[in-house]
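Please read the structure below before turning to the comments.
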Amino acid sequence: MRLQPGQPTGEEAESHKNSQQLRLLIEGELAAELERERRRLNAGDVVIIPPGVKHKFTNDGNAPAVTFNIYCPPEYPPDEKA
């Protein structure tokens, strides 16, 4: 996933009912909201989000943020999200 400066993952926090998500930040910086917790992520940081946990990420840096996301079990059909 690539987020441009100022771009969030969505307008509202979302959760995945049946899937655990692993998000690795490859490049850039992100502000993370996980339920009521807020934290800053830098390149190399990993977040594991259990099923049902509301979350939202926003690129509040000056450069694009690039993440690698894994959903277990898969959350989206292969051609739905890039």
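Identifiers in the structure tokens: chain A, B, ... in order shown; residue index from 1 per chain; ligand index from 1 in order shown.
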Give me the residues near Ile70 of chain A as JSON, numbers by chain, where near means some atom within 12 Å (using only C-alpha atoms) and where sequence neighbours in that chain fewer than 2 positions away do not count.
{"A": [1, 19, 20, 21, 22, 23, 24, 25, 46, 47, 48, 49, 50, 67, 68, 72, 73, 74, 75, 76, 78, 81, 82]}
Could you please take those selected residues and save C-alpha atoms as a compact mmCIF listing (two decimals), in the first residue's frame?
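Dumped to part_4.txt:
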```txt
# COMPACT_ATOMS: atom_id res chain seq x y z
CA MET A 1 0.00 0.00 0.00
CA SER A 19 -8.63 -11.55 9.74
CA GLN A 20 -5.50 -10.68 11.67
CA GLN A 21 -3.46 -8.03 9.85
CA LEU A 22 0.28 -7.54 9.85
CA ARG A 23 1.51 -4.19 8.52
CA LEU A 24 5.21 -3.54 7.86
CA LEU A 25 6.17 0.07 7.14
CA VAL A 46 5.63 -3.70 12.32
CA VAL A 47 2.09 -3.65 13.71
CA ILE A 48 -0.04 -6.74 14.28
CA ILE A 49 -3.76 -5.97 14.41
CA PRO A 50 -6.01 -8.69 15.85
CA THR A 67 3.57 -0.60 3.60
CA PHE A 68 3.44 -4.35 3.11
CA CYS A 72 -4.62 -14.07 7.72
CA PRO A 73 -6.96 -15.46 6.57
CA PRO A 74 -7.15 -13.32 3.40
CA GLU A 75 -9.49 -10.33 3.82
CA TYR A 76 -9.86 -9.22 0.18
CA PRO A 78 -6.68 -10.78 -5.00
CA LYS A 81 -7.12 -3.89 -3.06
CA ALA A 82 -3.66 -2.93 -4.22
```
Would you give me, as number ranges by chain, the residues in chain A that DSSP reads as strand (DSSP E or B)?
A: 2-3, 8, 14, 20-27, 29-34, 37-42, 46-49, 55-58, 65-72
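Nearest to Asp60 of chain A of all the residues A:Arg38, A:Asp79, A:Pro5, A:Glu12 is A:Pro5, counting only C-alpha atoms.
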For Glu35 of chain A, please output as a list in words all residues within 8 Å (counting only C-alpha atoms; exclusion window: fewer than 2 positions along the same chain).
Glu33, Glu37, Val53, Lys54 and His55 of chain A
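If you count only C-alpha atoms and ignore residues fewer than 6 places along the chain from Thr9 of chain A, what sits within 7 Å of it is Lys56, Phe57 and Thr58 of chain A.
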Mind dumping the selected residues with C-alpha atoms as a PDB file, in the first residue's frame?
```
ATOM      1  CA  LYS A  56      -6.586   3.795  10.856  1.00  0.00           C
ATOM      2  CA  PHE A  57      -3.232   4.974   9.506  1.00  0.00           C
ATOM      3  CA  THR A  58      -2.366   8.431   8.196  1.00  0.00           C
TER       4      THR A  58
END
```
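Atom to atom, atom CA of Asn62 of chain A and atom CA of His16 of chain A stand 28.8 Å apart.
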Identify, on the basis of only C-alpha atoms, every residue whose closest approach to Leu3 of chain A does not exceed 7 Å; exclude the query and any residue fewer than 6 positions from it along the same chain; express the result as a PyMOL selection string.
chain A and resi 59+64-66
For atom CA of Pro77 of chain A and atom CA of Asn42 of chain A, determine how far apart the two atoms are, in Å to one decimal place.
28.4 Å
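When only C-alpha atoms are used to compute distances to Leu30 of chain A, the closest of the residues A:Glu14, A:Gly44, A:Pro51, A:Gly61 turns out to be A:Gly61.
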Separation of atom CA of Gly28 of chain A from atom CA of Glu11 of chain A, in Å and rounded to one decimal
20.3 Å
